[in-house]
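**Q** Take a look at data-v4.csv, CSV, C-alpha atoms and all ligand atoms:
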```csv
chain,number,residue,atom,x,y,z
A,23,MET,CA,155.9,-184.6,129.9
A,24,SER,CA,157.6,-186.8,132.4
A,25,PHE,CA,159.0,-185.9,135.9
A,26,VAL,CA,161.2,-189.1,136.1
A,27,THR,CA,164.6,-188.4,137.7
A,28,HIS,CA,166.3,-191.8,138.3
A,29,LEU,CA,166.0,-195.4,139.5
A,30,ARG,CA,166.4,-196.2,143.2
A,31,CYS,CA,166.9,-199.4,145.1
A,32,PRO,CA,164.3,-199.6,147.9
A,33,ARG,CA,166.6,-202.0,149.9
A,34,CYS,CA,170.0,-200.4,149.8
A,35,GLY,CA,169.3,-196.9,148.4
A,36,ARG,CA,171.8,-197.2,145.4
A,37,THR,CA,170.6,-195.0,142.5
A,38,TYR,CA,170.8,-195.6,138.7
A,39,SER,CA,170.2,-193.5,135.6
A,40,ALA,CA,166.7,-193.8,134.1
A,41,ASP,CA,168.2,-193.1,130.6
A,42,GLU,CA,170.0,-196.5,130.4
A,43,ALA,CA,168.6,-200.0,130.5
A,44,HIS,CA,168.9,-201.4,134.1
A,45,ASN,CA,167.6,-204.6,135.5
A,46,VAL,CA,167.9,-205.1,139.3
A,47,CYS,CA,170.2,-203.4,141.8
A,48,GLU,CA,173.7,-204.7,142.5
A,49,CYS,CA,172.2,-206.0,145.8
A,50,GLY,CA,169.7,-208.1,143.8
A,51,ALA,CA,166.6,-206.0,144.8
A,52,PRO,CA,164.1,-204.6,142.2
A,53,LEU,CA,164.6,-200.9,141.3
A,54,LEU,CA,161.8,-198.3,141.6
A,55,VAL,CA,161.3,-195.3,139.4
A,56,GLU,CA,161.7,-192.0,141.2
A,57,TYR,CA,160.2,-188.7,140.1
A,58,ASP,CA,160.7,-185.0,141.0
A,59,LEU,CA,157.9,-184.9,143.4
A,60,ALA,CA,158.7,-181.3,144.5
A,61,ALA,CA,158.2,-180.1,140.9
A,62,MET,CA,155.1,-182.3,140.6
A,63,ARG,CA,153.5,-180.4,143.5
A,64,ARG,CA,152.8,-177.7,140.9
A,65,LEU,CA,150.6,-180.1,138.9
A,66,SER,CA,146.8,-180.2,139.3
A,67,PRO,CA,144.3,-182.7,137.9
A,68,ALA,CA,143.7,-180.3,135.1
A,69,ASP,CA,147.2,-181.2,133.8
A,70,LEU,CA,146.2,-184.8,133.2
A,71,TRP,CA,145.6,-185.9,129.7
A,72,PRO,CA,142.0,-186.5,128.5
A,73,ALA,CA,140.3,-189.6,129.9
A,74,SER,CA,140.1,-191.1,126.4
A,75,ARG,CA,143.8,-191.7,126.6
A,76,GLY,CA,143.3,-194.5,129.1
A,77,MET,CA,146.2,-195.0,131.5
A,78,TRP,CA,148.2,-192.4,129.5
A,79,ARG,CA,145.9,-189.8,131.1
A,80,TYR,CA,148.5,-190.1,133.9
A,81,ALA,CA,151.5,-189.5,131.6
A,82,PRO,CA,153.0,-186.9,134.0
A,83,PHE,CA,153.3,-189.8,136.6
A,84,LEU,CA,154.9,-192.1,134.1
A,85,PRO,CA,158.5,-192.6,132.9
A,86,VAL,CA,158.2,-192.1,129.2
A,87,LYS,CA,159.8,-188.8,128.2
A,88,ASP,CA,158.9,-188.5,124.5
A,89,PRO,CA,155.2,-189.1,123.7
A,90,SER,CA,156.1,-190.5,120.3
A,91,ASN,CA,157.5,-193.6,122.2
A,92,ILE,CA,154.2,-194.5,123.7
A,93,VAL,CA,153.0,-197.9,122.6
A,94,THR,CA,149.3,-198.2,123.3
A,95,LEU,CA,146.4,-200.5,122.5
A,96,GLY,CA,143.9,-198.6,124.6
A,97,GLU,CA,144.8,-200.0,128.0
A,98,GLY,CA,143.6,-198.5,131.3
A,99,GLY,CA,140.7,-196.3,132.0
A,100,THR,CA,138.7,-199.3,133.3
A,101,PRO,CA,135.5,-198.9,135.2
A,102,THR,CA,135.1,-199.2,139.0
A,103,LEU,CA,131.7,-200.8,139.2
A,104,ARG,CA,129.4,-201.0,142.2
A,105,ALA,CA,128.6,-204.6,143.0
A,106,PRO,CA,125.5,-204.5,145.2
A,107,ARG,CA,124.3,-208.0,144.5
A,108,ALA,CA,127.7,-209.7,145.1
A,109,GLY,CA,128.0,-207.3,148.1
A,110,ALA,CA,124.8,-208.6,149.6
A,111,ALA,CA,126.0,-212.1,149.3
A,112,ALA,CA,129.3,-211.1,151.1
A,113,ARG,CA,127.5,-208.8,153.5
A,114,ILE,CA,129.5,-205.8,152.3
A,115,ASP,CA,127.3,-202.8,151.6
A,116,ASN,CA,129.9,-200.8,149.9
A,117,LEU,CA,131.5,-203.2,147.5
A,118,TRP,CA,133.2,-202.2,144.2
A,119,ILE,CA,135.0,-204.1,141.4
A,120,LYS,CA,137.6,-202.6,139.3
A,121,ASP,CA,137.3,-204.6,136.1
A,122,GLU,CA,140.7,-205.1,134.5
A,123,GLY,CA,139.4,-207.8,132.3
A,124,LEU,CA,138.4,-205.1,129.8
A,125,ASN,CA,142.1,-204.3,129.0
A,126,PRO,CA,143.7,-205.3,125.7
A,127,THR,CA,144.7,-209.0,125.9
A,128,GLY,CA,142.1,-209.4,128.6
A,129,SER,CA,144.1,-208.7,131.7
A,130,PHE,CA,145.8,-205.9,133.7
A,131,LYS,CA,149.2,-207.2,132.4
A,132,ALA,CA,148.4,-204.8,129.5
A,133,ARG,CA,149.2,-201.8,131.7
A,134,GLY,CA,152.6,-203.2,132.7
A,135,ALA,CA,153.4,-204.2,129.1
A,136,ALA,CA,152.4,-200.8,127.7
A,137,ALA,CA,154.7,-199.0,130.2
A,138,GLY,CA,157.5,-201.5,129.9
A,139,VAL,CA,157.5,-201.7,126.1
A,140,SER,CA,157.1,-198.0,125.7
A,141,LYS,CA,160.2,-197.4,127.9
A,142,ALA,CA,162.1,-200.2,126.1
A,143,LYS,CA,161.4,-198.4,122.8
A,144,GLU,CA,162.6,-195.1,124.3
A,145,LEU,CA,165.8,-196.8,125.5
A,146,GLY,CA,166.4,-198.3,122.0
A,147,ILE,CA,166.0,-201.9,123.1
A,148,ALA,CA,165.5,-204.3,120.2
A,149,ALA,CA,164.6,-207.6,121.9
A,150,VAL,CA,163.1,-208.5,125.3
A,151,ALA,CA,162.8,-211.8,127.1
A,152,MET,CA,160.7,-213.0,130.0
A,153,PRO,CA,159.3,-216.0,131.9
A,154,THR,CA,155.5,-215.9,132.6
A,155,ALA,CA,152.8,-217.9,134.3
A,156,GLY,CA,150.6,-216.9,131.4
A,157,ASN,CA,149.0,-213.5,130.8
A,158,ALA,CA,152.1,-211.4,130.9
A,159,GLY,CA,153.5,-213.4,127.9
A,160,GLY,CA,150.4,-212.6,125.8
A,161,ALA,CA,150.5,-208.9,126.8
A,162,TRP,CA,154.2,-208.4,126.1
A,163,ALA,CA,154.0,-210.3,122.8
A,164,ALA,CA,151.1,-208.0,121.7
A,165,TYR,CA,152.8,-204.7,122.7
A,166,GLY,CA,156.2,-205.9,121.4
A,167,ALA,CA,154.5,-206.6,118.0
A,168,ARG,CA,153.1,-203.1,118.0
A,169,ALA,CA,156.5,-201.6,118.9
A,170,GLY,CA,158.5,-203.7,116.5
A,171,ILE,CA,160.4,-205.2,119.4
A,172,GLN,CA,161.3,-208.9,119.4
A,173,VAL,CA,159.7,-210.8,122.3
A,174,HIS,CA,161.0,-214.1,123.7
A,175,ILE,CA,158.7,-215.9,126.2
A,176,ALA,CA,159.3,-219.0,128.4
A,177,MET,CA,156.1,-220.4,130.0
A,178,PRO,CA,155.3,-223.6,131.9
A,179,LYS,CA,154.2,-226.4,129.6
A,180,ASP,CA,150.9,-226.6,131.5
A,181,ALA,CA,150.1,-222.8,131.3
A,182,PRO,CA,146.6,-222.1,129.8
A,183,ASP,CA,146.5,-222.8,126.0
A,184,ILE,CA,145.2,-219.4,125.2
A,185,ASN,CA,148.4,-217.8,126.6
A,186,LYS,CA,150.5,-219.9,124.3
A,187,GLN,CA,148.3,-219.1,121.4
A,188,GLU,CA,148.5,-215.4,122.1
A,189,VAL,CA,152.3,-215.4,122.1
A,190,ARG,CA,152.4,-217.3,118.8
A,191,ARG,CA,149.7,-215.2,117.2
A,192,TYR,CA,151.5,-211.9,118.0
A,193,GLY,CA,154.7,-213.4,116.5
A,194,GLY,CA,156.5,-213.9,119.8
A,195,HIS,CA,159.1,-216.6,120.3
A,196,LEU,CA,157.7,-219.2,122.7
A,197,THR,CA,159.6,-221.8,124.7
A,198,LEU,CA,157.6,-224.3,126.8
A,199,VAL,CA,159.3,-225.4,130.1
A,200,ASP,CA,158.6,-228.5,132.1
A,201,GLY,CA,158.2,-226.8,135.4
A,202,LEU,CA,157.0,-223.5,136.9
A,203,ILE,CA,157.5,-219.8,136.2
A,204,SER,CA,160.7,-220.0,138.4
A,205,ASP,CA,162.1,-222.7,136.1
A,206,ALA,CA,161.1,-220.7,133.0
A,207,GLY,CA,162.9,-217.7,134.6
A,208,LYS,CA,166.2,-219.5,135.0
A,209,LEU,CA,166.1,-220.7,131.4
A,210,ILE,CA,165.2,-217.3,129.9
A,211,ALA,CA,167.7,-215.4,132.1
A,212,ALA,CA,170.5,-217.6,130.6
A,213,GLU,CA,169.2,-217.2,127.1
A,214,ALA,CA,168.8,-213.4,127.5
A,215,LYS,CA,172.4,-213.1,128.6
A,216,ALA,CA,173.7,-215.3,125.8
A,217,HIS,CA,171.8,-213.3,123.1
A,218,GLY,CA,171.8,-209.8,124.5
A,219,TRP,CA,168.1,-209.6,125.0
A,220,PHE,CA,166.8,-207.3,127.8
A,221,ASP,CA,165.4,-209.5,130.6
A,222,VAL,CA,162.0,-208.1,131.5
A,223,ALA,CA,161.0,-210.8,134.1
A,224,THR,CA,158.6,-209.5,136.8
A,225,LEU,CA,160.4,-206.7,138.7
A,226,LYS,CA,163.7,-207.4,136.9
A,227,GLU,CA,162.8,-204.2,134.9
A,228,PRO,CA,161.6,-201.2,136.7
A,229,TYR,CA,158.8,-199.9,134.4
A,230,ARG,CA,156.1,-202.5,134.6
A,231,ILE,CA,155.3,-201.3,138.1
A,232,GLU,CA,154.7,-197.8,136.7
A,233,GLY,CA,152.0,-199.1,134.3
A,234,LYS,CA,150.3,-201.0,137.1
A,235,LYS,CA,150.6,-197.9,139.3
A,236,THR,CA,147.9,-196.3,137.1
A,237,MET,CA,145.3,-198.5,138.7
A,238,GLY,CA,145.9,-196.7,141.9
A,239,LEU,CA,145.8,-193.3,140.2
A,240,GLU,CA,142.4,-194.3,138.6
A,241,LEU,CA,141.0,-195.4,142.0
A,242,ALA,CA,142.1,-192.2,143.6
A,243,GLU,CA,140.5,-190.2,140.8
A,244,ALA,CA,137.3,-192.3,141.0
A,245,TRP,CA,137.1,-191.4,144.7
A,246,GLY,CA,137.5,-187.7,144.0
A,247,TRP,CA,141.2,-187.6,145.0
A,248,THR,CA,140.6,-186.3,148.5
A,249,THR,CA,139.1,-189.6,149.8
A,250,LEU,CA,140.2,-193.1,149.1
A,251,PRO,CA,138.7,-196.6,149.4
A,252,ASP,CA,139.0,-198.1,152.8
A,253,VAL,CA,140.2,-201.5,151.6
A,254,VAL,CA,141.7,-202.7,148.3
A,255,VAL,CA,141.7,-206.5,147.7
A,256,TYR,CA,144.3,-207.8,145.3
A,257,PRO,CA,145.2,-211.2,144.0
A,258,ALA,CA,149.0,-211.4,144.2
A,259,GLY,CA,151.4,-213.5,142.2
A,260,GLY,CA,154.5,-211.4,141.8
A,261,GLY,CA,152.7,-208.6,143.6
A,262,VAL,CA,153.5,-205.9,141.0
A,263,GLY,CA,149.9,-204.6,141.1
A,264,ILE,CA,149.8,-204.0,144.8
A,265,ILE,CA,153.3,-202.4,144.8
A,266,GLY,CA,152.0,-200.2,142.0
A,267,ILE,CA,148.8,-199.1,143.7
A,268,TRP,CA,150.8,-198.4,147.0
A,269,LYS,CA,153.4,-196.4,145.0
A,270,ALA,CA,150.6,-194.4,143.3
A,271,ILE,CA,149.0,-193.4,146.5
A,272,THR,CA,152.4,-192.6,148.1
A,273,GLU,CA,153.2,-190.3,145.3
A,274,LEU,CA,149.8,-188.6,145.4
A,275,ARG,CA,150.2,-188.0,149.1
A,276,ALA,CA,153.7,-186.6,148.5
A,277,ILE,CA,152.5,-184.1,145.9
A,278,GLY,CA,149.5,-183.0,148.1
A,279,TRP,CA,146.7,-184.4,145.9
A,280,THR,CA,145.3,-186.5,148.8
A,281,ALA,CA,145.7,-186.6,152.6
A,282,ALA,CA,143.4,-189.6,153.0
A,283,PRO,CA,144.8,-192.6,154.8
A,284,MET,CA,146.4,-195.4,152.7
A,285,PRO,CA,143.7,-198.0,151.9
A,286,ARG,CA,144.3,-201.3,153.9
A,287,PHE,CA,145.7,-203.7,151.3
A,288,VAL,CA,144.6,-207.3,151.2
A,289,VAL,CA,146.9,-209.8,149.5
A,290,VAL,CA,144.9,-212.8,148.2
A,291,GLN,CA,146.7,-216.0,147.1
A,292,ALA,CA,145.5,-219.5,146.3
A,293,ALA,CA,145.8,-222.1,149.0
A,294,GLY,CA,147.9,-224.2,146.6
A,295,CYS,CA,150.5,-221.4,146.3
A,296,ALA,CA,150.6,-218.9,149.1
A,297,PRO,CA,154.1,-217.9,149.9
A,298,LEU,CA,153.2,-214.3,150.7
A,299,VAL,CA,150.4,-215.3,153.0
A,300,LYS,CA,152.6,-217.7,154.9
A,301,ALA,CA,155.3,-215.1,155.3
A,302,TRP,CA,152.7,-212.6,156.6
A,303,ASP,CA,151.2,-215.1,159.0
A,304,GLU,CA,154.7,-215.8,160.4
A,305,GLY,CA,155.5,-212.1,160.7
A,306,LYS,CA,158.4,-212.4,158.2
A,307,ASP,CA,159.8,-209.6,156.0
A,308,VAL,CA,160.5,-212.0,153.0
A,309,SER,CA,158.8,-215.1,151.7
A,310,GLU,CA,160.2,-218.6,151.1
A,311,PHE,CA,160.0,-220.6,147.9
A,312,TRP,CA,156.6,-222.5,147.9
A,313,GLN,CA,157.1,-226.1,146.9
A,314,GLY,CA,154.6,-227.8,144.6
A,315,ALA,CA,152.7,-224.7,143.6
A,316,ALA,CA,149.3,-225.7,142.1
A,317,THR,CA,146.1,-223.7,141.5
A,318,VAL,CA,143.5,-223.0,138.8
A,319,ALA,CA,144.4,-219.3,139.1
A,320,SER,CA,147.4,-219.5,136.9
A,321,GLY,CA,148.4,-215.9,137.5
A,322,LEU,CA,148.9,-216.7,141.2
A,323,ARG,CA,151.2,-219.7,140.6
A,324,VAL,CA,154.3,-217.8,141.5
A,325,PRO,CA,156.3,-219.7,144.2
A,326,LYS,CA,158.7,-216.8,145.1
A,327,ALA,CA,158.3,-213.2,144.2
A,328,LEU,CA,161.3,-210.9,143.8
A,329,GLY,CA,159.4,-208.0,145.3
A,330,ASP,CA,158.0,-210.0,148.3
A,331,PHE,CA,159.6,-207.6,150.8
A,332,LEU,CA,157.8,-204.6,149.2
A,333,VAL,CA,154.4,-206.4,149.2
A,334,LEU,CA,154.9,-207.3,152.9
A,335,GLN,CA,155.9,-203.7,153.7
A,336,ALA,CA,152.8,-202.4,151.9
A,337,LEU,CA,150.7,-204.7,154.1
A,338,ARG,CA,152.4,-203.7,157.3
A,339,GLU,CA,152.3,-200.0,156.6
A,340,SER,CA,148.7,-200.0,155.6
A,341,GLY,CA,147.4,-202.3,158.3
A,342,GLY,CA,146.5,-204.9,155.7
A,343,ALA,CA,145.9,-208.6,155.7
A,344,ALA,CA,146.8,-211.6,153.6
A,345,ILE,CA,144.6,-214.6,153.0
A,346,ALA,CA,144.7,-217.9,151.1
A,347,ILE,CA,141.7,-219.3,149.3
A,348,PRO,CA,141.2,-222.9,148.2
A,349,ASP,CA,140.4,-223.5,144.5
A,350,ALA,CA,136.9,-224.8,145.3
A,351,GLU,CA,136.1,-221.5,146.9
A,352,ILE,CA,137.6,-219.5,144.0
A,353,LEU,CA,135.3,-221.4,141.6
A,354,ARG,CA,132.3,-221.0,143.9
A,355,PHE,CA,132.7,-217.2,144.2
A,356,GLY,CA,133.5,-216.9,140.5
A,357,ALA,CA,130.1,-218.4,139.7
A,358,LEU,CA,128.4,-216.2,142.2
A,359,LEU,CA,130.0,-213.1,140.8
A,360,ALA,CA,129.0,-214.0,137.2
A,361,GLU,CA,125.4,-214.8,138.3
A,362,THR,CA,124.9,-211.8,140.5
A,363,GLU,CA,126.8,-209.1,138.6
A,364,GLY,CA,127.2,-210.3,135.0
A,365,LEU,CA,130.9,-210.2,135.4
A,366,TRP,CA,132.9,-213.3,134.4
A,367,ALA,CA,136.1,-212.8,136.3
A,368,ALA,CA,139.4,-214.6,135.9
A,369,PRO,CA,139.8,-217.0,138.8
A,370,GLU,CA,142.4,-214.6,140.3
A,371,GLY,CA,139.6,-212.0,140.4
A,372,ALA,CA,137.1,-214.4,141.8
A,373,ALA,CA,139.5,-215.1,144.7
A,374,THR,CA,139.2,-211.5,145.8
A,375,LEU,CA,135.5,-211.8,146.4
A,376,ALA,CA,136.0,-215.0,148.4
A,377,ALA,CA,138.6,-213.2,150.5
A,378,ALA,CA,136.4,-210.2,151.1
A,379,ALA,CA,133.5,-212.4,152.2
A,380,GLU,CA,135.9,-214.2,154.6
A,381,LEU,CA,137.3,-211.0,156.0
A,382,ARG,CA,133.9,-209.6,156.5
A,383,GLY,CA,132.9,-212.7,158.3
A,384,ARG,CA,135.8,-212.3,160.7
A,385,GLY,CA,134.9,-208.7,161.3
A,386,TRP,CA,138.1,-207.4,159.7
A,387,ILE,CA,136.1,-205.5,157.2
A,388,ARG,CA,133.7,-203.3,159.2
A,389,ASP,CA,130.2,-202.0,158.6
A,390,GLY,CA,130.0,-199.4,155.8
A,391,GLU,CA,133.6,-199.6,154.7
A,392,SER,CA,134.3,-199.2,151.0
A,393,VAL,CA,135.9,-202.3,149.6
A,394,VAL,CA,137.4,-202.5,146.1
A,395,LEU,CA,138.1,-205.8,144.5
A,396,ILE,CA,140.6,-205.8,141.7
A,397,ASN,CA,139.4,-208.2,139.0
A,398,THR,CA,142.7,-208.6,137.2
A,399,GLY,CA,141.5,-210.5,134.1
A,400,SER,CA,138.6,-211.7,132.1
A,401,GLY,CA,137.2,-215.1,132.7
A,402,LEU,CA,136.9,-215.5,128.9
A,403,LYS,CA,140.6,-216.4,129.0
A,404,TYR,CA,139.9,-219.4,131.2
A,405,PRO,CA,137.2,-221.3,129.4
A,406,GLU,CA,138.3,-224.5,131.0
A,407,VAL,CA,138.0,-223.2,134.6
B,501,LIG,C1,149.6,-211.9,136.6
B,501,LIG,C2,148.3,-212.0,137.1
B,501,LIG,C3,148.0,-211.8,138.5
B,501,LIG,C4,149.1,-211.5,139.5
B,501,LIG,O1,149.7,-210.3,139.3
B,501,LIG,P1,151.1,-209.8,140.0
B,501,LIG,O2,151.3,-208.5,139.6
B,501,LIG,O3,152.1,-210.8,139.5
B,501,LIG,O4,150.8,-210.0,141.4
B,501,LIG,C5,146.7,-211.8,138.9
B,501,LIG,N1,145.7,-212.0,138.1
B,501,LIG,C6,145.9,-212.2,136.8
B,501,LIG,C7,144.7,-212.5,135.9
B,501,LIG,C8,147.2,-212.2,136.2
B,501,LIG,O5,147.4,-212.4,134.9
B,502,ZN,ZN,170.1,-202.4,146.3
```
Could the structure of this file be written out as structure tokens, please?
**A**
Amino acid sequence: MSFVTHLRCPRCGRTYSADEAHNVCECGAPLLVEYDLAAMRRLSPADLWPASRGMWRYAPFLPVKDPSNIVTLGEGGTPTLRAPRAGAAARIDNLWIKDEGLNPTGSFKARGAAAGVSKAKELGIAAVAMPTAGNAGGAWAAYGARAGIQVHIAMPKDAPDINKQEVRRYGGHLTLVDGLISDAGKLIAAEAKAHGWFDVATLKEPYRIEGKKTMGLELAEAWGWTTLPDVVVYPAGGGVGIIGIWKAITELRAIGWTAAPMPRFVVVQAAGCAPLVKAWDEGKDVSEFWQGAATVASGLRVPKALGDFLVLQALRESGGAAIAIPDAEILRFGALLAETEGLWAAPEGAATLAAAAELRGRGWIRDGESVVLINTGSGLKYPEV
């Protein structure tokens, strides 16, 4: 069912087997999953699995070889909703929201966890470990529980309570760290090495991107394959989602399912932690560590992303933009979205509406363009925000 061939480093081009557990390239860059795109040209949308399978509808685009290794809780297949009332407020006629808050564990982290845990199962991995700013920990703990894989999570002490409760509820092993996700990452990397756990930190394992890639496949299908949205607005922490959507559309173009231009990507970050926006504004290819990261949008509290160079490449190649939103605006647009569309978005998702309104005001988003906001999580997970 899978056309996976190998893993490849997007920085130096080294290749690795997709039948063994690998973390990053020898050069330190994240590895991407490669497929036999020539063979995939023979596929048609009729070869996809039924829509009821959620993101596994796109199994031919995913790395799991044996369907019995799929670990699912019903992730993916989320709606792309028209948002006319929020659109009127932002002066965007053709505004859409892809609501990822409907996923198991209440965020799009479920897609990455479903792919990552399924592939870990296929590779015979018994224990995984990761740092998280919050939602990834809950998702991986849930999918790990379902797979019978031990999950070790390190999280900032001041991460949302609900994320700590999730990890414990699913039987994960939780360590709280006095610091940020970067500090949690150092601790868990050392522990993983000492105990032989597989380190599944953001982009230190190649398969999470593949799960998030299905958002791009779903968007393309929602647009009828041949056309695509003009603009996709994404709240970036580690940037996995945007790399995934970009990869999805790159693969669809390579196999001839669409010839439409790549949507212009917008990276949204919080003003209190905006390393990708700073790098973009300065015309850099990589970001620098952001000191003193602080924002209500906990998923965006990532001071340095391993895949920053890929995110910045996706922005450059698509003619995109990057924008930082202050917390007060995130909260204001979150209330607006709830009151105009009945959609209680995570603050990360609310930030995308603020960003779209700002870019429309600047004229960067033009009359009539179709704009998709990715609401990455449910506001129900942030009762205190
Ligand atoms: C993790 C997370 C993000 C950021 O996702 P990345 O793939 O790390 O860029 C955005 N929103 C929510 C709700 C998250 O949990
Ligand atoms: Zn490399």
**Q** May I ask you to write as JSON, numbers by chain all residues lying at most 9 Å from ligand ZN 502 (chain B), with only C-alpha atoms and all ligand atoms counted?
**A** {"A": [30, 31, 32, 33, 34, 35, 36, 37, 46, 47, 48, 49, 50, 51, 52, 53]}
**Q** Residues of chain A that have any atom at most 7 Å from an atom of ligand LIG 501 (chain B): could you tabulate them with the shortest-distance atom pair and the distance in Å to one decimal, using only C-alpha atoms and all ligand atoms, ordered by chain and increasing number, as JSON lines?
**A**
```
{"residue": "A:Ser129", "atom": "CA", "partner": "B:LIG501", "partner_atom": "C7", "distance": 5.7}
{"residue": "A:Phe130", "atom": "CA", "partner": "B:LIG501", "partner_atom": "O5", "distance": 6.8}
{"residue": "A:Lys131", "atom": "CA", "partner": "B:LIG501", "partner_atom": "O5", "distance": 6.0}
{"residue": "A:Gly156", "atom": "CA", "partner": "B:LIG501", "partner_atom": "O5", "distance": 6.5}
{"residue": "A:Asn157", "atom": "CA", "partner": "B:LIG501", "partner_atom": "O5", "distance": 4.5}
{"residue": "A:Ala158", "atom": "CA", "partner": "B:LIG501", "partner_atom": "C1", "distance": 6.2}
{"residue": "A:Pro257", "atom": "CA", "partner": "B:LIG501", "partner_atom": "C5", "distance": 5.3}
{"residue": "A:Ala258", "atom": "CA", "partner": "B:LIG501", "partner_atom": "O4", "distance": 3.6}
{"residue": "A:Gly259", "atom": "CA", "partner": "B:LIG501", "partner_atom": "O4", "distance": 3.6}
{"residue": "A:Gly260", "atom": "CA", "partner": "B:LIG501", "partner_atom": "O3", "distance": 3.4}
{"residue": "A:Gly261", "atom": "CA", "partner": "B:LIG501", "partner_atom": "O4", "distance": 3.2}
{"residue": "A:Val262", "atom": "CA", "partner": "B:LIG501", "partner_atom": "O2", "distance": 3.7}
{"residue": "A:Gly263", "atom": "CA", "partner": "B:LIG501", "partner_atom": "O2", "distance": 4.4}
{"residue": "A:Ile264", "atom": "CA", "partner": "B:LIG501", "partner_atom": "O4", "distance": 7.0}
{"residue": "A:Gly321", "atom": "CA", "partner": "B:LIG501", "partner_atom": "C2", "distance": 3.9}
{"residue": "A:Leu322", "atom": "CA", "partner": "B:LIG501", "partner_atom": "C4", "distance": 5.5}
{"residue": "A:Ala368", "atom": "CA", "partner": "B:LIG501", "partner_atom": "C7", "distance": 5.7}
{"residue": "A:Glu370", "atom": "CA", "partner": "B:LIG501", "partner_atom": "N1", "distance": 4.7}
{"residue": "A:Gly371", "atom": "CA", "partner": "B:LIG501", "partner_atom": "N1", "distance": 6.5}
{"residue": "A:Thr398", "atom": "CA", "partner": "B:LIG501", "partner_atom": "C7", "distance": 4.6}
{"residue": "A:Gly399", "atom": "CA", "partner": "B:LIG501", "partner_atom": "C7", "distance": 4.2}
```
**Q** With C-alpha atoms retained, export the selected residues as a compact mmCIF listing (two decimals), in the frame of the given file.
**A**
```txt
# COMPACT_ATOMS: atom_id res chain seq x y z
CA SER A 129 144.10 -208.70 131.70
CA PHE A 130 145.80 -205.90 133.70
CA LYS A 131 149.20 -207.20 132.40
CA GLY A 156 150.60 -216.90 131.40
CA ASN A 157 149.00 -213.50 130.80
CA ALA A 158 152.10 -211.40 130.90
CA PRO A 257 145.20 -211.20 144.00
CA ALA A 258 149.00 -211.40 144.20
CA GLY A 259 151.40 -213.50 142.20
CA GLY A 260 154.50 -211.40 141.80
CA GLY A 261 152.70 -208.60 143.60
CA VAL A 262 153.50 -205.90 141.00
CA GLY A 263 149.90 -204.60 141.10
CA ILE A 264 149.80 -204.00 144.80
CA GLY A 321 148.40 -215.90 137.50
CA LEU A 322 148.90 -216.70 141.20
CA ALA A 368 139.40 -214.60 135.90
CA GLU A 370 142.40 -214.60 140.30
CA GLY A 371 139.60 -212.00 140.40
CA THR A 398 142.70 -208.60 137.20
CA GLY A 399 141.50 -210.50 134.10
```
**Q** Ranking A:Lys215, A:Trp162, A:Pro67, A:Ala105 by minimum distance to A:Arg190 and counting all atoms listed in the file, which one comes first?
**A**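 Smallest distance to A:Arg190 is found for A:Trp162.
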**Q** A:Pro228, A:Gly170, A:Gly305, A:Gly390: which is nearest A:Val253, counting only C-alpha atoms?
**A**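 Smallest separation from A:Val253 among the options: A:Gly390.
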**Q** With 6 Å as the threshold, what does the neighbourhood of (157.6, -198.3, 119.2) contain in terms of residues, counting only C-alpha atoms? Coordinates are those of the file; answer as a ChimeraX atom specification.
**A** /A:91,93,143,169
**Q** Limited to C-alpha atoms, could you put the picked residues into a file as a short mmCIF file (atom, residue, chain, number, x, y, z; two decimals), keeping the file's coordinate frame?
**A**
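For reference, out38.cif as written:
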```cif
data_model
loop_
_atom_site.label_atom_id
_atom_site.label_comp_id
_atom_site.auth_asym_id
_atom_site.auth_seq_id
_atom_site.Cartn_x
_atom_site.Cartn_y
_atom_site.Cartn_z
CA ASN A 91 157.50 -193.60 122.20
CA VAL A 93 153.00 -197.90 122.60
CA LYS A 143 161.40 -198.40 122.80
CA ALA A 169 156.50 -201.60 118.90
#
```
**Q** Check the smallest atom-to-atom distance from each of A:Leu298, A:Ala108, A:Ala212, A:Ala142 to A:Gly364 using only C-alpha atoms, then report the winner.
**A**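 Counting only C-alpha atoms, the residue closest to A:Gly364 is A:Ala108.
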**Q** Give the answer as one residue: which of A:Met77, A:Ala149, A:Leu274, A:Val318 has the shortest atom-to-atom distance to A:Ala181, using all atoms listed in the file?
**A**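 Smallest separation from A:Ala181 among the options: A:Val318.
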**Q** If we count all atoms listed in the file and set the cut-off at 12 Å, which residues sit around stretch 113-118 of chain A, ignoring sequence neighbours fewer than 5 positions away in its own chain? Please answer as a ChimeraX atom specification.
**A** /A:101-108,241,244-245,251-255,359,363,374-397
**Q** Which one is closest to A:Leu225: A:Gly138, A:Gly76, A:Pro82, A:Gly278? Count all atoms listed in the file.
**A**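 The shortest atom-to-atom distance to A:Leu225 comes from A:Gly138.
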**Q** As a VMD selection string, please: the residues near A:Pro182 (cut-off 8 Å, only C-alpha atoms, same-chain neighbours under 2 positions excluded).
**A** chain A and resid 156 180 184 to 186 320 404
**Q** Record the distance separating atom CA of A:Trp302 and atom CA of A:Ala346, expressed in Å with one decimal.
**A**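 It comes out at 11.1 Å.
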**Q** Which polymer residues have any atom within 12 Å of an atom of A:Trp78, counting only C-alpha atoms, with same-chain residues fewer than 4 positions away left out, as number ranges by chain?
**A** A: 23-24, 70-74, 82-86, 89, 91-99, 133, 136-137, 140, 232-237, 239-240
**Q** Expressed in Å to a single decimal, how great is the separation between atom CA of A:Arg79 and atom CA of A:Thr100?
**A**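 That distance, rounded to one decimal, is 12.1 Å.
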**Q** Compare A:Leu124, A:Ala301, A:Ala163, A:Leu328 by their minimum atom-to-atom distance to A:Gly207, counting all atoms listed in the file, and give me the closest one.
**A**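 Looking only at the distances to A:Gly207, the closest residue turns out to be A:Leu328.
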